[in-house]
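Pasted below: input_17.csv, CSV, C-alpha atoms and all ligand atoms.
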```
chain,number,residue,atom,x,y,z
A,175,MET,CA,15.1,-27.3,40.2
A,176,ARG,CA,12.0,-29.1,41.6
A,177,ARG,CA,8.8,-28.3,39.9
A,178,TYR,CA,5.9,-27.7,42.3
A,179,SER,CA,2.2,-27.0,41.9
A,180,ARG,CA,0.5,-24.0,43.6
A,181,ILE,CA,-3.1,-23.0,44.1
A,182,THR,CA,-3.6,-19.7,42.3
A,183,GLY,CA,-7.3,-19.3,42.5
A,184,THR,CA,-10.3,-20.7,44.4
A,185,GLY,CA,-14.0,-20.6,43.8
A,186,SER,CA,-17.2,-22.2,45.1
A,187,TYR,CA,-20.9,-22.3,44.6
A,188,LEU,CA,-23.9,-23.3,46.7
A,189,PRO,CA,-27.4,-23.7,45.1
A,190,PRO,CA,-29.7,-21.0,46.3
A,191,ARG,CA,-32.2,-23.2,48.3
A,192,ARG,CA,-31.0,-23.1,51.9
A,193,VAL,CA,-32.7,-25.7,54.1
A,194,THR,CA,-32.3,-25.1,57.8
A,195,ASN,CA,-32.7,-27.9,60.4
A,196,ALA,CA,-36.1,-26.5,61.2
A,197,ASP,CA,-37.2,-26.7,57.5
A,198,LEU,CA,-36.0,-30.3,57.3
A,199,VAL,CA,-37.6,-31.3,60.5
A,200,ALA,CA,-40.9,-29.9,59.3
A,201,GLU,CA,-40.5,-31.6,55.8
A,202,LEU,CA,-39.6,-35.0,57.3
A,203,ALA,CA,-42.5,-34.8,59.8
A,204,GLN,CA,-44.9,-34.8,56.9
A,205,SER,CA,-43.8,-38.3,56.0
A,206,GLY,CA,-43.8,-39.4,59.6
A,207,ILE,CA,-40.0,-39.2,60.2
A,208,GLN,CA,-39.1,-37.7,63.6
A,209,THR,CA,-35.9,-35.7,64.1
A,210,SER,CA,-35.0,-32.4,65.8
A,211,ASP,CA,-32.7,-29.5,65.5
A,212,GLU,CA,-31.2,-30.3,68.9
A,213,TRP,CA,-30.3,-33.9,67.8
A,214,ILE,CA,-28.7,-32.8,64.5
A,215,VAL,CA,-26.7,-29.9,66.1
A,216,GLU,CA,-25.5,-31.9,69.1
A,217,ARG,CA,-24.5,-35.0,67.1
A,218,THR,CA,-23.1,-33.3,64.0
A,219,GLY,CA,-22.8,-29.5,64.3
A,220,ILE,CA,-25.0,-29.1,61.2
A,221,ARG,CA,-27.5,-26.2,61.2
A,222,ALA,CA,-28.3,-25.8,57.5
A,223,ARG,CA,-27.5,-27.2,54.1
A,224,HIS,CA,-28.2,-26.3,50.5
A,225,PHE,CA,-30.2,-28.5,48.1
A,226,ALA,CA,-30.1,-28.0,44.3
A,227,ALA,CA,-33.3,-27.6,42.2
A,228,PRO,CA,-34.4,-30.9,40.5
A,229,ASP,CA,-33.0,-29.9,37.1
A,230,VAL,CA,-29.6,-28.8,38.4
A,231,THR,CA,-26.6,-31.2,38.1
A,232,SER,CA,-23.2,-31.5,39.5
A,233,SER,CA,-21.7,-30.1,36.4
A,234,ASP,CA,-23.9,-27.0,36.7
A,235,LEU,CA,-22.6,-26.4,40.3
A,236,ALA,CA,-19.0,-27.2,39.1
A,237,LEU,CA,-19.3,-24.6,36.3
A,238,GLU,CA,-20.2,-21.8,38.7
A,239,ALA,CA,-17.4,-22.7,41.1
A,240,ALA,CA,-14.9,-23.2,38.2
A,241,ARG,CA,-15.7,-19.8,36.7
A,242,LYS,CA,-15.0,-18.1,40.1
A,243,ALA,CA,-11.7,-20.0,40.5
A,244,LEU,CA,-10.6,-19.1,37.0
A,245,GLU,CA,-11.4,-15.5,37.7
A,246,ALA,CA,-9.5,-15.5,40.9
A,247,ALA,CA,-6.5,-17.1,39.2
A,248,GLY,CA,-6.7,-14.5,36.4
A,249,CYS,CA,-7.0,-17.0,33.6
A,250,GLN,CA,-9.4,-18.1,30.9
A,251,PRO,CA,-10.9,-21.6,30.3
A,252,GLN,CA,-8.6,-22.0,27.3
A,253,ASP,CA,-5.5,-21.6,29.6
A,254,ILE,CA,-6.4,-24.8,31.4
A,255,ASP,CA,-4.7,-28.0,30.2
A,256,LEU,CA,-6.2,-30.5,32.7
A,257,ILE,CA,-9.6,-30.9,34.3
A,258,ILE,CA,-10.3,-33.3,37.2
A,259,VAL,CA,-13.7,-33.5,38.8
A,260,ALA,CA,-14.2,-35.3,42.1
A,261,THR,CA,-17.8,-36.5,42.4
A,262,SER,CA,-19.9,-39.4,43.5
A,263,THR,CA,-23.0,-37.8,42.0
A,264,PRO,CA,-22.1,-37.5,38.3
A,265,ASP,CA,-24.5,-36.1,35.8
A,266,MET,CA,-24.5,-39.4,33.9
A,267,VAL,CA,-23.1,-42.9,34.1
A,268,PHE,CA,-20.8,-41.7,31.4
A,269,PRO,CA,-19.3,-39.5,30.0
A,270,SER,CA,-17.6,-38.0,33.0
A,271,THR,CA,-18.8,-34.9,34.6
A,272,ALA,CA,-15.4,-33.4,33.9
A,273,CYS,CA,-16.1,-33.8,30.1
A,274,ILE,CA,-19.5,-32.2,30.5
A,275,LEU,CA,-17.9,-29.3,32.5
A,276,GLN,CA,-15.2,-28.9,29.9
A,277,ASN,CA,-17.8,-28.4,27.2
A,278,LYS,CA,-19.8,-25.9,29.4
A,279,LEU,CA,-16.6,-24.0,30.0
A,280,GLY,CA,-15.5,-24.1,26.4
A,281,ALA,CA,-12.1,-25.5,27.3
A,282,ASN,CA,-12.3,-28.4,24.9
A,283,GLY,CA,-9.2,-30.4,24.0
A,284,CYS,CA,-7.4,-30.9,27.3
A,285,PRO,CA,-7.6,-34.2,29.2
A,286,ALA,CA,-10.7,-34.3,31.5
A,287,PHE,CA,-11.7,-37.1,33.9
A,288,ASP,CA,-13.6,-37.8,37.1
A,289,VAL,CA,-12.1,-39.2,40.3
A,290,GLN,CA,-14.4,-41.3,42.5
A,291,ALA,CA,-13.2,-41.5,46.1
A,292,VAL,CA,-16.4,-40.2,47.7
A,293,CYS,CA,-15.7,-37.7,50.5
A,294,SER,CA,-11.9,-38.1,50.0
A,295,GLY,CA,-12.4,-37.2,46.3
A,296,PHE,CA,-11.0,-33.7,46.4
A,297,VAL,CA,-7.8,-34.8,48.2
A,298,TYR,CA,-7.4,-37.6,45.7
A,299,ALA,CA,-8.0,-35.3,42.7
A,300,LEU,CA,-5.6,-32.6,44.0
A,301,THR,CA,-2.9,-35.2,44.5
A,302,VAL,CA,-3.3,-36.6,41.0
A,303,ALA,CA,-3.2,-33.1,39.5
A,304,ASP,CA,-0.1,-32.2,41.6
A,305,ALA,CA,1.6,-35.4,40.3
A,306,MET,CA,0.7,-34.6,36.7
A,307,ILE,CA,2.0,-31.0,37.1
A,308,GLN,CA,5.2,-32.2,38.8
A,309,SER,CA,5.8,-34.7,36.0
A,310,GLY,CA,5.3,-32.1,33.3
A,311,ALA,CA,2.1,-33.6,31.9
A,312,ALA,CA,0.2,-30.5,32.8
A,313,ARG,CA,0.9,-26.8,33.6
A,314,ARG,CA,-2.4,-25.5,34.8
A,315,ALA,CA,-5.2,-27.7,36.1
A,316,LEU,CA,-8.7,-27.1,37.2
A,317,VAL,CA,-9.6,-29.3,40.1
A,318,VAL,CA,-13.2,-29.4,41.2
A,319,GLY,CA,-15.3,-31.2,43.9
A,320,ALA,CA,-19.0,-31.1,43.0
A,321,GLU,CA,-22.0,-33.0,44.4
A,322,VAL,CA,-25.8,-33.2,44.4
A,323,PHE,CA,-25.9,-35.6,47.3
A,324,SER,CA,-29.6,-34.7,47.8
A,325,ARG,CA,-30.3,-37.0,44.8
A,326,ILE,CA,-29.0,-40.1,46.5
A,327,LEU,CA,-30.4,-39.5,50.0
A,328,ASP,CA,-33.1,-41.8,51.4
A,329,PHE,CA,-35.5,-39.3,53.0
A,330,LYS,CA,-37.1,-42.1,55.0
A,331,ASP,CA,-33.7,-42.8,56.7
A,332,ARG,CA,-33.3,-40.1,59.4
A,333,THR,CA,-29.8,-41.4,60.3
A,334,THR,CA,-28.4,-40.2,57.0
A,335,CYS,CA,-30.7,-37.7,55.3
A,336,VAL,CA,-30.1,-34.9,57.8
A,337,LEU,CA,-26.3,-35.0,57.2
A,338,PHE,CA,-25.7,-34.1,53.6
A,339,GLY,CA,-26.0,-31.2,51.2
A,340,ASP,CA,-25.2,-30.0,47.7
A,341,GLY,CA,-22.5,-27.7,46.4
A,342,ALA,CA,-19.2,-27.3,44.5
A,343,GLY,CA,-15.7,-25.9,45.1
A,344,ALA,CA,-12.8,-25.5,42.7
A,345,VAL,CA,-9.1,-24.5,42.5
A,346,VAL,CA,-6.7,-23.6,39.8
A,347,LEU,CA,-3.4,-25.5,40.4
A,348,GLU,CA,-0.4,-24.2,38.4
A,349,ALA,CA,3.2,-25.2,37.9
A,350,SER,CA,5.5,-23.1,40.0
A,351,GLU,CA,9.1,-22.9,41.1
A,352,THR,CA,8.0,-22.2,44.7
A,353,PRO,CA,5.8,-24.5,46.9
A,354,GLY,CA,2.9,-25.1,46.6
A,355,ILE,CA,1.8,-28.5,47.6
A,356,LEU,CA,4.5,-29.9,50.0
A,357,ALA,CA,3.3,-33.5,50.5
A,358,SER,CA,0.3,-35.7,50.3
A,359,GLU,CA,-0.9,-39.1,51.5
A,360,LEU,CA,-3.7,-41.3,49.9
A,361,HIS,CA,-5.1,-44.5,51.3
A,362,ALA,CA,-8.0,-46.9,50.8
A,363,ASP,CA,-9.2,-50.0,52.5
A,364,GLY,CA,-11.7,-51.9,50.5
A,365,ARG,CA,-12.6,-54.2,53.4
A,366,TYR,CA,-15.0,-51.5,54.5
A,367,VAL,CA,-17.0,-51.0,51.2
A,368,ASP,CA,-20.2,-51.8,53.0
A,369,ILE,CA,-20.1,-49.2,55.8
A,370,LEU,CA,-20.8,-46.3,53.5
A,371,CYS,CA,-22.2,-47.0,50.0
A,372,VAL,CA,-24.9,-46.6,47.4
A,373,PRO,CA,-25.4,-50.3,46.7
A,374,GLY,CA,-27.1,-49.8,43.3
A,375,GLY,CA,-26.2,-49.6,39.7
A,376,VAL,CA,-27.6,-49.7,36.2
A,377,SER,CA,-27.8,-53.0,34.3
A,378,GLY,CA,-29.9,-53.9,31.3
A,379,GLY,CA,-31.4,-50.5,31.4
A,380,GLU,CA,-32.8,-51.2,34.9
A,381,VAL,CA,-31.7,-49.9,38.3
A,382,LEU,CA,-30.2,-52.8,40.1
A,383,GLY,CA,-30.1,-52.9,43.9
A,384,HIS,CA,-30.7,-49.9,46.2
A,385,PRO,CA,-29.7,-46.6,44.6
A,386,LEU,CA,-29.7,-44.6,47.8
A,387,LEU,CA,-27.0,-43.9,50.4
A,388,LYS,CA,-26.5,-46.4,53.3
A,389,MET,CA,-24.2,-45.8,56.2
A,390,ASP,CA,-23.1,-47.4,59.4
A,391,GLY,CA,-22.4,-44.0,61.0
A,392,GLN,CA,-20.7,-45.3,64.1
A,393,ALA,CA,-18.3,-47.5,62.1
A,394,VAL,CA,-17.4,-44.6,59.8
A,395,PHE,CA,-16.9,-42.3,62.8
A,396,LYS,CA,-14.5,-44.7,64.6
A,397,LEU,CA,-12.5,-45.4,61.4
A,398,ALA,CA,-12.4,-41.7,60.5
A,399,VAL,CA,-10.9,-40.5,63.8
A,400,GLY,CA,-8.2,-43.2,63.7
A,401,VAL,CA,-7.0,-42.7,60.2
A,402,LEU,CA,-7.1,-38.9,59.9
A,403,ASP,CA,-4.5,-38.4,62.7
A,404,LYS,CA,-2.2,-41.0,61.1
A,405,ALA,CA,-2.5,-39.4,57.6
A,406,ALA,CA,-1.8,-36.0,59.0
A,407,ARG,CA,1.3,-37.1,60.8
A,408,ALA,CA,2.6,-39.1,57.7
A,409,THR,CA,2.1,-36.1,55.5
A,410,LEU,CA,3.8,-33.7,57.9
A,411,ALA,CA,6.8,-36.2,58.2
A,412,LYS,CA,7.1,-36.3,54.4
A,413,ALA,CA,7.5,-32.5,54.3
A,414,ASN,CA,9.8,-32.5,57.4
A,415,LEU,CA,7.3,-30.4,59.3
A,416,THR,CA,5.4,-30.9,62.6
A,417,ASP,CA,1.9,-30.2,63.8
A,418,ALA,CA,3.3,-26.8,65.1
A,419,ASP,CA,3.8,-25.7,61.5
A,420,ILE,CA,0.2,-26.0,60.6
A,421,ASP,CA,-1.5,-22.6,60.3
A,422,TRP,CA,-4.9,-24.0,59.3
A,423,LEU,CA,-6.6,-27.4,59.3
A,424,ILE,CA,-9.2,-27.7,56.5
A,425,PRO,CA,-10.9,-31.1,57.1
A,426,HIS,CA,-13.7,-32.7,55.2
A,427,GLN,CA,-16.8,-31.2,56.7
A,428,ALA,CA,-18.8,-34.3,57.9
A,429,ASN,CA,-19.2,-33.9,61.6
A,430,ILE,CA,-17.9,-31.3,64.0
A,431,ARG,CA,-17.0,-34.0,66.6
A,432,ILE,CA,-14.6,-35.7,64.1
A,433,MET,CA,-13.0,-32.3,63.4
A,434,GLN,CA,-12.6,-31.6,67.2
A,435,SER,CA,-11.1,-35.0,67.7
A,436,THR,CA,-8.6,-34.5,64.9
A,437,ALA,CA,-7.6,-31.1,66.1
A,438,ARG,CA,-7.1,-32.3,69.6
A,439,LYS,CA,-4.8,-35.1,68.4
A,440,LEU,CA,-2.8,-32.6,66.4
A,441,LYS,CA,-2.7,-30.2,69.4
A,442,LEU,CA,-4.4,-27.5,67.3
A,443,SER,CA,-7.0,-25.2,68.9
A,444,MET,CA,-10.4,-25.1,67.1
A,445,ASP,CA,-9.5,-21.5,66.2
A,446,LYS,CA,-7.1,-23.1,63.6
A,447,VAL,CA,-9.7,-25.2,62.1
A,448,VAL,CA,-11.9,-24.0,59.2
A,449,VAL,CA,-15.5,-25.0,59.9
A,450,THR,CA,-18.3,-24.7,57.4
A,451,VAL,CA,-20.2,-27.9,58.3
A,452,ASP,CA,-22.7,-25.8,60.3
A,453,GLN,CA,-23.8,-24.0,57.1
A,454,HIS,CA,-23.1,-26.5,54.4
A,455,GLY,CA,-23.7,-29.9,55.9
A,456,ASN,CA,-21.6,-32.7,54.4
A,457,THR,CA,-21.1,-32.0,50.7
A,458,SER,CA,-18.8,-35.0,50.2
A,459,ALA,CA,-16.1,-34.3,47.6
A,460,ALA,CA,-17.2,-30.6,47.5
A,461,SER,CA,-16.7,-29.9,51.2
A,462,ILE,CA,-13.0,-29.2,51.3
A,463,PRO,CA,-12.8,-26.8,48.3
A,464,LEU,CA,-16.0,-25.1,49.6
A,465,ALA,CA,-14.4,-24.6,53.0
A,466,LEU,CA,-11.1,-23.5,51.4
A,467,ASP,CA,-12.8,-20.9,49.2
A,468,HIS,CA,-14.9,-19.7,52.1
A,469,ALA,CA,-11.7,-19.2,54.2
A,470,VAL,CA,-9.8,-17.5,51.4
A,471,ARG,CA,-12.6,-15.1,50.5
A,472,THR,CA,-13.4,-14.1,54.1
A,473,GLY,CA,-9.7,-13.5,54.7
A,474,GLN,CA,-9.5,-16.2,57.4
A,475,VAL,CA,-6.5,-17.9,55.6
A,476,GLN,CA,-3.8,-15.8,54.1
A,477,LYS,CA,-1.3,-16.3,51.2
A,478,GLY,CA,1.9,-17.9,52.5
A,479,GLU,CA,0.2,-19.9,55.3
A,480,THR,CA,0.5,-23.6,55.7
A,481,LEU,CA,-2.7,-25.6,55.3
A,482,LEU,CA,-3.5,-29.2,55.9
A,483,LEU,CA,-6.4,-30.5,53.9
A,484,GLU,CA,-7.9,-33.9,55.1
A,485,GLY,CA,-10.5,-36.1,53.6
A,486,VAL,CA,-12.2,-39.3,54.7
A,487,GLY,CA,-15.1,-41.3,53.3
A,488,GLY,CA,-16.6,-44.2,51.4
A,489,GLY,CA,-14.3,-46.9,50.1
A,490,PHE,CA,-13.1,-46.7,52.8
A,491,THR,CA,-10.8,-43.9,51.6
A,492,TRP,CA,-8.8,-41.2,53.3
A,493,GLY,CA,-5.9,-38.8,52.6
A,494,ALA,CA,-4.3,-35.5,53.3
A,495,VAL,CA,-2.6,-32.7,51.4
A,496,LEU,CA,-0.2,-30.3,53.0
A,497,LEU,CA,0.4,-27.0,51.1
A,498,LYS,CA,1.5,-23.5,51.3
A,499,LEU,CA,-1.1,-21.1,50.0
B,501,LIG,O1,-18.6,-38.1,54.8
B,501,LIG,C1,-18.5,-39.4,55.1
B,501,LIG,C2,-18.2,-39.6,56.4
B,501,LIG,N1,-19.4,-39.8,57.2
B,501,LIG,C3,-19.3,-39.4,58.5
B,501,LIG,O2,-18.4,-38.9,58.9
B,501,LIG,C4,-20.4,-39.9,59.4
B,501,LIG,C5,-19.8,-40.4,60.7
B,501,LIG,N2,-20.8,-40.7,61.7
B,501,LIG,C6,-21.4,-39.7,62.4
B,501,LIG,O3,-21.3,-38.6,62.1
B,501,LIG,C7,-22.4,-40.2,63.5
B,501,LIG,O4,-22.2,-41.5,63.7
B,501,LIG,C8,-23.8,-39.8,63.2
B,501,LIG,C9,-24.1,-38.3,63.2
B,501,LIG,C10,-24.2,-40.4,61.8
B,501,LIG,C11,-24.8,-40.5,64.2
B,501,LIG,O5,-24.4,-40.0,65.5
B,501,LIG,P1,-24.2,-41.1,66.7
B,501,LIG,O6,-23.8,-40.3,67.9
B,501,LIG,O7,-23.2,-42.1,66.3
B,501,LIG,O8,-25.7,-41.6,66.9
B,501,LIG,P2,-26.2,-43.1,66.9
B,501,LIG,O9,-26.1,-43.7,65.5
B,501,LIG,O10,-25.5,-43.9,68.0
B,501,LIG,O11,-27.7,-43.0,67.2
B,501,LIG,C12,-28.1,-42.5,68.6
B,501,LIG,C13,-29.6,-42.4,68.6
B,501,LIG,C14,-30.3,-43.7,68.1
B,501,LIG,O12,-31.4,-43.9,69.0
B,501,LIG,P3,-31.4,-45.0,70.2
B,501,LIG,O13,-31.1,-46.3,69.5
B,501,LIG,O14,-30.3,-44.5,71.1
B,501,LIG,O15,-32.7,-44.9,70.7
B,501,LIG,C15,-30.8,-43.3,66.7
B,501,LIG,O16,-31.9,-44.0,66.4
B,501,LIG,O17,-30.0,-41.4,67.8
B,501,LIG,C16,-31.1,-41.8,66.9
B,501,LIG,N3,-31.1,-41.1,65.7
B,501,LIG,C17,-31.8,-39.9,65.5
B,501,LIG,N4,-32.6,-39.2,66.4
B,501,LIG,C18,-33.1,-38.1,65.9
B,501,LIG,C19,-30.4,-41.3,64.6
B,501,LIG,N5,-30.6,-40.4,63.6
B,501,LIG,C20,-31.5,-39.5,64.2
B,501,LIG,C21,-32.0,-38.3,63.8
B,501,LIG,N6,-32.8,-37.6,64.7
B,501,LIG,N7,-31.8,-37.7,62.6
```
Before anything else, please render the file you have as structure tokens.
Ligand code: UT7
Amino acid sequence: MRRYSRITGTGSYLPPRRVTNADLVAELAQSGIQTSDEWIVERTGIRARHFAAPDVTSSDLALEAARKALEAAGCQPQDIDLIIVATSTPDMVFPSTACILQNKLGANGCPAFDVQAVCSGFVYALTVADAMIQSGAARRALVVGAEVFSRILDFKDRTTCVLFGDGAGAVVLEASETPGILASELHADGRYVDILCVPGGVSGGEVLGHPLLKMDGQAVFKLAVGVLDKAARATLAKANLTDADIDWLIPHQANIRIMQSTARKLKLSMDKVVVTVDQHGNTSAASIPLALDHAVRTGQVQKGETLLLEGVGGGFTWGAVLLKL
């Protein structure tokens, strides 16, 4: 009998400081940067985002989200035998945020590692956890997306700083005889490293290069709308399903226009798309599990429904996971 993995609990956490477009417009104006609520809403659909306090790290946000997911799954940290954290804003260069989270949870002993695939990170991490569960290497995994993107934003660059926010989302993924994750697709194309990157690092104890986010928004936009549709179709084909079988699309929450385009291509009405970008902004690897948990807790998505999760981001990376909740 085939061994599947199933999501048995979800959780999420947003830091308390909510920054509306009006708040951000006023803050940026103080340093001479002009933007407006109208521009941000029209181009992106974003109305607000959350920013973590200066002493709060990705593992702090991950811990809150993980506790809620564990509670929803009815299990204890000690029951977890694999921890994967997707993040591009780790607490330290090393050790991994997953190891730091493991210690905070008191789940020491099991394998713990980070996945770095920027905004596709959660889809990558979920696919790796699914493969490890299918192979028998793990039985119950904690998969988290956690980001403090506010730390890598250039608040002098209005083309990027209005887009992102902080937060975390988590799922417990367990071995199961019933599906579960049905199929997934992961891709990367390193030719596009430069269109979305933080071109800095640490060398000889010094920051080398530019340690803040840079993006060619239009190039990312064009690539994103092309690859998401292909990934969705390939994932559906692997599971012998069609777009008509999708109950809910839960895309990476970067821009409402990218989501509308993907939905249109899949012949899905926007009523079938989970949208949180308006309230969360783009939280990179955290955006999909945040949207999933929001949809589960508000009763928008129901057990037994078929969900298509899709991520796209720096690398260039993209992928999709099709699952039965
Ligand atoms: O999670 C990773 C994935 N990232 C994404 O998905 C981002 C994908 N890209 C996008 O979402 C869009 O390209 C953006 C939202 C980043 C930009 O929207 P756009 O429609 O592509 O705008 P644009 O770059 O063509 O800029 C249009 C105008 C420019 O002015 P001019 O040259 O027409 O006079 C910009 O200078 O908007 C101006 N502009 C702004 N104006 C007010 C750029 N940023 C701002 C701003 N406020 N914050």
Checklist entry - Do you know which residues lie at most 12 Å from (-21.9, -26.3, 45.6), with coordinates as in the file and only C-alpha atoms counted, and could you write them as a ChimeraX atom specification? => result /A:185-192,223-227,230-240,261,318-324,338-344,453-465,467-468
Given the selection you just returned, output its residues as a file containing C-alpha atoms, formatted as an mmCIF file, keeping the file's coordinate frame.
```
data_model
loop_
_atom_site.group_PDB
_atom_site.id
_atom_site.type_symbol
_atom_site.label_atom_id
_atom_site.label_comp_id
_atom_site.auth_asym_id
_atom_site.auth_seq_id
_atom_site.Cartn_x
_atom_site.Cartn_y
_atom_site.Cartn_z
ATOM 1 C CA GLY A 185 -14.000 -20.600 43.800
ATOM 2 C CA SER A 186 -17.200 -22.200 45.100
ATOM 3 C CA TYR A 187 -20.900 -22.300 44.600
ATOM 4 C CA LEU A 188 -23.900 -23.300 46.700
ATOM 5 C CA PRO A 189 -27.400 -23.700 45.100
ATOM 6 C CA PRO A 190 -29.700 -21.000 46.300
ATOM 7 C CA ARG A 191 -32.200 -23.200 48.300
ATOM 8 C CA ARG A 192 -31.000 -23.100 51.900
ATOM 9 C CA ARG A 223 -27.500 -27.200 54.100
ATOM 10 C CA HIS A 224 -28.200 -26.300 50.500
ATOM 11 C CA PHE A 225 -30.200 -28.500 48.100
ATOM 12 C CA ALA A 226 -30.100 -28.000 44.300
ATOM 13 C CA ALA A 227 -33.300 -27.600 42.200
ATOM 14 C CA VAL A 230 -29.600 -28.800 38.400
ATOM 15 C CA THR A 231 -26.600 -31.200 38.100
ATOM 16 C CA SER A 232 -23.200 -31.500 39.500
ATOM 17 C CA SER A 233 -21.700 -30.100 36.400
ATOM 18 C CA ASP A 234 -23.900 -27.000 36.700
ATOM 19 C CA LEU A 235 -22.600 -26.400 40.300
ATOM 20 C CA ALA A 236 -19.000 -27.200 39.100
ATOM 21 C CA LEU A 237 -19.300 -24.600 36.300
ATOM 22 C CA GLU A 238 -20.200 -21.800 38.700
ATOM 23 C CA ALA A 239 -17.400 -22.700 41.100
ATOM 24 C CA ALA A 240 -14.900 -23.200 38.200
ATOM 25 C CA THR A 261 -17.800 -36.500 42.400
ATOM 26 C CA VAL A 318 -13.200 -29.400 41.200
ATOM 27 C CA GLY A 319 -15.300 -31.200 43.900
ATOM 28 C CA ALA A 320 -19.000 -31.100 43.000
ATOM 29 C CA GLU A 321 -22.000 -33.000 44.400
ATOM 30 C CA VAL A 322 -25.800 -33.200 44.400
ATOM 31 C CA PHE A 323 -25.900 -35.600 47.300
ATOM 32 C CA SER A 324 -29.600 -34.700 47.800
ATOM 33 C CA PHE A 338 -25.700 -34.100 53.600
ATOM 34 C CA GLY A 339 -26.000 -31.200 51.200
ATOM 35 C CA ASP A 340 -25.200 -30.000 47.700
ATOM 36 C CA GLY A 341 -22.500 -27.700 46.400
ATOM 37 C CA ALA A 342 -19.200 -27.300 44.500
ATOM 38 C CA GLY A 343 -15.700 -25.900 45.100
ATOM 39 C CA ALA A 344 -12.800 -25.500 42.700
ATOM 40 C CA GLN A 453 -23.800 -24.000 57.100
ATOM 41 C CA HIS A 454 -23.100 -26.500 54.400
ATOM 42 C CA GLY A 455 -23.700 -29.900 55.900
ATOM 43 C CA ASN A 456 -21.600 -32.700 54.400
ATOM 44 C CA THR A 457 -21.100 -32.000 50.700
ATOM 45 C CA SER A 458 -18.800 -35.000 50.200
ATOM 46 C CA ALA A 459 -16.100 -34.300 47.600
ATOM 47 C CA ALA A 460 -17.200 -30.600 47.500
ATOM 48 C CA SER A 461 -16.700 -29.900 51.200
ATOM 49 C CA ILE A 462 -13.000 -29.200 51.300
ATOM 50 C CA PRO A 463 -12.800 -26.800 48.300
ATOM 51 C CA LEU A 464 -16.000 -25.100 49.600
ATOM 52 C CA ALA A 465 -14.400 -24.600 53.000
ATOM 53 C CA ASP A 467 -12.800 -20.900 49.200
ATOM 54 C CA HIS A 468 -14.900 -19.700 52.100
#
```
Item to check | Separation of atom CA of Leu482 of chain A from atom CA of Arg365 of chain A, in Å and rounded to one decimal | outcome: 26.7 Å
Next on the checklist: Using only C-alpha atoms and all ligand atoms, which residues have at least one atom no more than 7 Å from ligand LIG 501 (chain B)? Output them as a list in words.
Outcome noted: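 Listed by chain and ascending number, the contacts are Gln208, Thr209, Ser210, Trp213, Ile214, Arg217, Thr218, Cys293, Arg332, Thr333, Thr334, Val336, Gly391, Gln392, Val394, Phe395, Ala398, Ala428, Asn429, Asn456, Ser458, Val486, Gly487 and Gly488 of chain A.
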Can you report as AutoDock Vina command-line options the centre and edge lengths in Å, to one decimal, of an axis-aligned box around the listed atoms of segment 233-250 of chain A padded with 3 Å on each side?
```
--center_x -15.2 --center_y -22.3 --center_z 36.0 --size_x 23.4 --size_y 21.6 --size_z 16.2
```
Checklist entry - Separation of atom CA of Ala272 of chain A and atom CA of Val289 of chain A, in Å? => result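 Rounded to one decimal, the two atoms are 9.2 Å apart.
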Checklist entry - Of the candidates A:Asp304, A:Glu201, A:Asp229, A:Asp452, which shows the shortest atom-to-atom distance to Arg180 of chain A, using all atoms listed in the file? => result A:Asp304
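You can rank A:Ile369, A:Ala494, A:Val451, A:Ala281 by their closest distance to Val401 of chain A using only C-alpha atoms, and at the top of that list sits A:Ala494.
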Item to check | Atom-to-atom span, atom CA of Leu442 of chain A and atom CA of Trp422 of chain A, Å | outcome: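 A separation of 8.7 Å between them.
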Checklist entry - With distances taken over all atoms listed in the file, which of A:Asp390, A:Leu496, A:Asp419, A:Asp403 is nearest to Gln434 of chain A? => result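 Between A:Asp390, A:Leu496, A:Asp419, A:Asp403, the residue approaching Gln434 of chain A most closely is A:Asp403.
Each of A:Asp417, A:Asp288, A:Glu351, A:Glu380 was checked against Ile307 of chain A using only C-alpha atoms; the smallest atom-to-atom distance is that of A:Glu351.
Using all atoms listed in the file, the smallest distance between any of A:Arg241, A:Lys404, A:Lys446, A:Arg325 and Pro385 of chain A comes from A:Arg325.
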Checklist entry - Contacts of Lys412 of chain A at 9 Å or less, counting all atoms listed in the file, minus same-chain residues fewer than 6 places along, as a VMD selection string? => result chain A and resid 356 to 359
Item to check | Contacts of Ala312 of chain A at 10 Å (all atoms listed in the file; same-chain gap of 6+ positions) as a PyMOL selection string | outcome: chain A and resi 179+254-257+284-285+303-306+347-349
Item to check | Nearest to Pro264 of chain A, chosen from A:Gly473, A:Leu499, A:Ile326, A:Gly219, with only C-alpha atoms counted in the distances | outcome: A:Ile326
Next on the checklist: as number ranges by chain, please: the residues near segment 371-379 of chain A (cut-off 8 Å, only C-alpha atoms, same-chain neighbours under 3 positions excluded).
Outcome noted: A: 326, 367-368, 382-389, 488-489
For Ile207 of chain A, work out the shell of residues within 10 Å, counting all atoms listed in the file and skipping chain neighbours fewer than 3 positions away, then give it as a CSV table (one decimal) with C-alpha atoms, in the coordinates of the input.
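And here is the file that came out, out04.csv:
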```
chain,number,residue,atom,x,y,z
A,199,VAL,CA,-37.6,-31.3,60.5
A,200,ALA,CA,-40.9,-29.9,59.3
A,201,GLU,CA,-40.5,-31.6,55.8
A,202,LEU,CA,-39.6,-35.0,57.3
A,203,ALA,CA,-42.5,-34.8,59.8
A,204,GLN,CA,-44.9,-34.8,56.9
A,329,PHE,CA,-35.5,-39.3,53.0
A,330,LYS,CA,-37.1,-42.1,55.0
A,331,ASP,CA,-33.7,-42.8,56.7
A,332,ARG,CA,-33.3,-40.1,59.4
```
Mind checking which residues fall within 9 Å of Val475 of chain A, counting all atoms listed in the file, ignoring those fewer than 5 positions away in the same chain, and posting them as a tab-separated table (two decimals) with C-alpha atoms, in the coordinates of the input?
```tsv
chain	number	residue	atom	x	y	z
A	421	ASP	CA	-1.50	-22.60	60.30
A	422	TRP	CA	-4.90	-24.00	59.30
A	448	VAL	CA	-11.90	-24.00	59.20
A	466	LEU	CA	-11.10	-23.50	51.40
A	469	ALA	CA	-11.70	-19.20	54.20
A	470	VAL	CA	-9.80	-17.50	51.40
A	481	LEU	CA	-2.70	-25.60	55.30
A	499	LEU	CA	-1.10	-21.10	50.00
```
